[in-house]
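Dropping data-v2.csv in here (CSV, C-alpha atoms):
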chain,number,residue,atom,x,y,z
L,196,MET,CA,-18.9,56.7,11.3
L,197,SER,CA,-17.8,54.5,14.1
L,198,ARG,CA,-20.9,52.4,13.6
L,199,GLY,CA,-19.9,51.7,10.0
L,200,GLY,CA,-16.4,50.6,11.2
L,201,LYS,CA,-17.9,48.2,13.7
L,202,SER,CA,-20.1,46.5,11.2
L,203,LEU,CA,-17.2,46.2,8.7
L,204,PHE,CA,-15.2,44.5,11.5
L,205,SER,CA,-18.0,42.1,12.1
L,206,LEU,CA,-18.4,41.4,8.4
L,207,SER,CA,-14.7,40.6,8.1
L,208,THR,CA,-14.8,38.4,11.1
L,209,LEU,CA,-17.7,36.5,9.7
L,210,LEU,CA,-16.0,36.1,6.3
L,211,ALA,CA,-12.8,34.9,7.9
L,212,SER,CA,-14.8,32.3,9.9
L,213,PHE,CA,-16.6,31.2,6.7
L,214,PHE,CA,-13.3,30.9,4.7
L,215,GLY,CA,-11.7,29.0,7.6
L,216,ALA,CA,-14.6,26.5,7.7
L,217,ALA,CA,-14.5,26.2,3.9
L,218,MET,CA,-10.8,25.4,3.9
L,219,ILE,CA,-11.3,22.7,6.5
L,220,ALA,CA,-14.1,21.2,4.5
L,221,VAL,CA,-12.0,21.2,1.3
L,222,ALA,CA,-9.1,19.5,3.2
L,223,PHE,CA,-11.5,16.9,4.5
L,224,ALA,CA,-13.0,16.3,1.1
L,225,TYR,CA,-9.6,16.0,-0.5
L,226,PHE,CA,-8.4,13.4,2.2
L,227,ASN,CA,-11.6,11.4,1.6
L,228,TYR,CA,-11.0,11.5,-2.2
L,229,LYS,CA,-7.4,10.3,-1.8
L,230,PHE,CA,-8.5,7.5,0.5
L,231,SER,CA,-11.2,6.3,-2.0
L,232,GLU,CA,-8.6,6.4,-4.7
L,233,TYR,CA,-7.1,3.1,-3.6
L,234,LYS,CA,-6.2,0.8,-6.4
L,235,PHE,CA,-7.2,-2.7,-7.4
L,236,ILE,CA,-5.1,-5.7,-8.4
L,237,ASP,CA,-6.5,-8.6,-10.4
L,238,PHE,CA,-4.2,-11.6,-10.2
L,239,LYS,CA,-5.8,-13.0,-13.4
L,240,GLU,CA,-4.5,-10.0,-15.3
L,241,TRP,CA,-1.2,-9.6,-13.5
L,242,VAL,CA,0.8,-12.8,-13.4
L,243,PHE,CA,3.1,-13.3,-10.4
L,244,TYR,CA,5.2,-16.4,-9.9
L,245,GLU,CA,6.2,-18.4,-6.8
L,246,LYS,CA,9.3,-20.2,-8.0
L,247,LYS,CA,8.0,-21.6,-11.3
L,248,ASP,CA,4.3,-21.8,-10.5
L,249,ILE,CA,1.8,-19.1,-11.2
L,250,PHE,CA,0.6,-17.5,-7.9
L,251,THR,CA,-3.1,-17.9,-7.2
L,252,PRO,CA,-4.3,-16.0,-4.1
L,253,SER,CA,-6.3,-18.0,-1.5
L,254,ALA,CA,-6.5,-15.7,1.6
L,255,ASP,CA,-9.0,-12.9,2.1
L,256,LYS,CA,-6.3,-10.4,3.2
L,257,TYR,CA,-2.6,-10.0,2.5
L,258,ILE,CA,0.2,-7.8,3.5
L,259,VAL,CA,2.1,-6.8,0.4
L,260,VAL,CA,5.8,-6.0,1.0
L,261,PHE,CA,7.7,-4.6,-1.9
L,262,TYR,CA,11.4,-5.0,-1.2
L,263,SER,CA,14.9,-5.2,-2.7
L,264,SER,CA,16.7,-8.5,-2.3
L,265,LYS,CA,20.0,-6.6,-2.7
L,266,VAL,CA,19.6,-5.3,0.8
L,267,GLN,CA,21.3,-7.8,3.1
L,268,ASP,CA,19.2,-10.3,5.0
L,269,THR,CA,15.9,-8.9,3.7
L,270,ALA,CA,14.6,-12.3,2.4
L,271,SER,CA,15.6,-14.1,5.6
L,272,LEU,CA,13.9,-11.5,7.8
L,273,LEU,CA,10.7,-11.8,5.7
L,274,GLN,CA,10.8,-15.6,6.0
L,275,SER,CA,11.0,-15.5,9.8
L,276,ILE,CA,8.2,-12.9,10.4
L,277,ASP,CA,5.2,-14.5,12.0
L,278,LEU,CA,1.9,-12.5,11.6
L,279,ASN,CA,-1.7,-13.4,11.6
L,280,ILE,CA,-2.1,-12.1,8.0
L,281,PRO,CA,-0.1,-13.8,5.2
L,282,ILE,CA,2.7,-11.8,3.5
L,283,LEU,CA,3.2,-11.4,-0.3
L,284,ALA,CA,6.8,-10.4,-0.7
L,285,ILE,CA,7.5,-8.9,-4.1
L,286,ASP,CA,11.2,-8.5,-4.9
L,287,TYR,CA,12.3,-5.6,-7.1
L,288,TYR,CA,15.1,-7.9,-8.5
L,289,ASN,CA,12.9,-11.0,-9.0
L,290,GLU,CA,15.2,-13.4,-7.1
L,291,VAL,CA,13.7,-16.8,-6.3
L,292,TYR,CA,13.3,-17.6,-2.6
L,293,PRO,CA,11.6,-20.5,-0.9
L,294,ASN,CA,8.2,-19.7,0.7
L,295,SER,CA,7.9,-19.9,4.5
L,296,GLN,CA,4.7,-20.6,6.5
L,297,ASN,CA,3.5,-17.0,6.4
L,298,THR,CA,5.4,-15.5,3.6
L,299,THR,CA,5.0,-16.1,-0.2
L,300,PHE,CA,7.8,-14.7,-2.3
L,301,LEU,CA,6.6,-13.5,-5.7
L,302,ARG,CA,8.4,-12.4,-8.8
L,303,SER,CA,7.1,-11.3,-12.2
L,304,GLY,CA,8.1,-10.1,-15.6
L,305,THR,CA,9.3,-6.6,-16.3
L,306,ARG,CA,6.0,-5.4,-17.6
L,307,THR,CA,4.1,-6.6,-14.6
L,308,SER,CA,6.7,-5.2,-12.2
L,309,LEU,CA,6.6,-1.8,-13.8
L,310,SER,CA,2.8,-1.8,-14.0
L,311,PHE,CA,2.7,-2.8,-10.3
L,312,ILE,CA,5.1,0.0,-9.3
L,313,GLN,CA,3.2,2.5,-11.3
L,314,ARG,CA,-0.3,1.5,-10.2
L,315,PHE,CA,0.5,1.7,-6.5
L,316,ASN,CA,2.9,4.6,-6.8
L,317,ILE,CA,5.7,2.9,-5.0
L,318,TYR,CA,8.7,5.2,-4.6
L,319,GLU,CA,10.6,3.6,-1.6
L,320,SER,CA,11.8,0.1,-0.7
L,321,PRO,CA,10.7,-1.6,1.4
L,322,SER,CA,7.1,-0.5,1.2
L,323,ILE,CA,4.1,-2.1,2.8
L,324,PHE,CA,0.3,-2.0,2.3
L,325,PHE,CA,-2.7,-4.3,2.8
L,326,ILE,CA,-4.9,-5.7,0.1
L,327,LYS,CA,-8.4,-7.2,0.7
L,328,LYS,CA,-10.3,-9.7,-1.5
L,329,THR,CA,-13.4,-8.2,-3.2
L,330,LYS,CA,-14.2,-11.0,-5.7
L,331,ASP,CA,-12.4,-14.2,-6.9
L,332,THR,CA,-8.9,-12.9,-7.8
L,333,LEU,CA,-9.7,-9.2,-7.5
L,334,TYR,CA,-8.2,-7.5,-4.5
L,335,LYS,CA,-8.4,-3.9,-3.4
L,336,GLN,CA,-5.8,-1.9,-1.6
L,337,ASP,CA,-6.9,-1.6,2.0
L,338,SER,CA,-4.4,0.8,3.4
L,339,MET,CA,-2.1,3.6,2.5
L,340,ILE,CA,1.4,2.7,1.2
L,341,ARG,CA,4.0,3.1,3.9
L,342,LYS,CA,7.7,2.9,3.9
L,343,LEU,CA,9.2,0.5,6.3
L,344,ASP,CA,12.2,1.9,8.0
L,345,ASN,CA,13.2,-1.4,9.6
L,346,LEU,CA,12.0,-4.9,8.6
L,347,LYS,CA,12.8,-6.2,12.0
L,348,GLU,CA,10.0,-4.0,13.4
L,349,LEU,CA,7.4,-5.1,10.9
L,350,SER,CA,5.3,-7.1,13.3
L,351,LYS,CA,5.2,-4.2,15.7
L,352,GLN,CA,4.2,-1.8,13.0
L,353,VAL,CA,1.5,-4.0,11.5
L,354,LYS,CA,-0.1,-4.5,15.0
L,355,SER,CA,-0.2,-0.7,15.4
L,356,LEU,CA,-2.0,-0.2,12.0
Can the structure in the file be given as structure tokens, please?
Amino acid sequence: MSRGGKSLFSLSTLLASFFGAAMIAVAFAYFNYKFSEYKFIDFKEWVFYEKKDIFTPSADKYIVVFYSSKVQDTASLLQSIDLNIPILAIDYYNEVYPNSQNTTFLRSGTRTSLSFIQRFNIYESPSIFFIKKTKDTLYKQDSMIRKLDNLKELSKQVKSL
């Protein structure tokens, strides 16, 4: 009788180990799936404007910052940031701002803005993510979307990514 209890204990330990390993494998697979779920943006299909001109991307990589111009000094902070990757600053309120050396301010129509917010699941402002050129005007999201707590710390946060 004690022998049966011992084998039952061993079987339950074995099953617990198996289910633990299976849960870890499922979590890993889900994370990889979510990571591969990054979205694309084609600047031929989605029209963004710099002042009055249609924006045509030229760099291989961009930092996309979705922000609200109603937050005080946001545009001036974005203009003064100096990073090695150009910034595309997309304003929720579509205000017109002059571009700086490293920052291009974009605006768009309501349909494009809503499509952009929905495609990239943007829930917070300011938010940041990277895009990388794959072909001509087609860019792929190259990082997770993160909320910026403080635009003044953008250069430090980007260097840590």
Residue with smallest distance to Ser322 in chain L - pool L:Ser310, L:Ser295, L:Ser275, L:Ser263, counting all atoms listed in the file: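 Closest residue, counting all atoms listed in the file: L:Ser263.
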Proximity to Thr251 in chain L - best of L:Asp286, L:Asp331, L:Asp344, L:Glu319, all atoms listed in the file: L:Asp331
Pick from L:Ser271, L:Ser264, L:Gln296, L:Ser338, whichever lies nearest to Phe324 in chain L using all atoms listed in the file: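 Checking each of L:Ser271, L:Ser264, L:Gln296, L:Ser338 against Phe324 in chain L, counting all atoms listed in the file, the winner is L:Ser338.
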Option closest in space to Gln336 in chain L, from L:Leu278, L:Ile317, L:Tyr257, L:Phe213 [counting only C-alpha atoms]: L:Tyr257
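If only C-alpha atoms are the atoms counted, then among L:Leu283, L:Ile323, L:Ile276, L:Leu209 the closest residue to Pro252 in chain L is L:Leu283.
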d(CA of Ile258 in chain L, CA of Lys328 in chain L) in Å: 11.8 Å
CA of Tyr334 in chain L to CA of Ile236 in chain L, straight-line distance in Å: 5.3 Å
For CA of Ser320 in chain L and CA of Val242 in chain L, the interatomic separation in Å (one decimal):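 Going from CA of Ser320 in chain L over to CA of Val242 in chain L covers 21.2 Å.
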Of the listed residues L:Glu290, L:Ser212, L:Ile282, L:Ile249, that which approaches Lys265 in chain L most closely, counting all atoms listed in the file: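 Smallest distance to Lys265 in chain L is found for L:Glu290.
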Selection near Ser308 in chain L, 12 Å with all atoms listed in the file, sequence-local residues under 3 positions removed, as a list in words: Trp241, Val242, Phe243, Tyr244, Phe261, Tyr262, Ile285, Asp286, Tyr287, Tyr288, Asn289, Leu301, Arg302, Ser303, Gly304, Thr305, Phe311, Ile312, Gln313, Arg314, Phe315, Asn316 and Ile317 of chain L
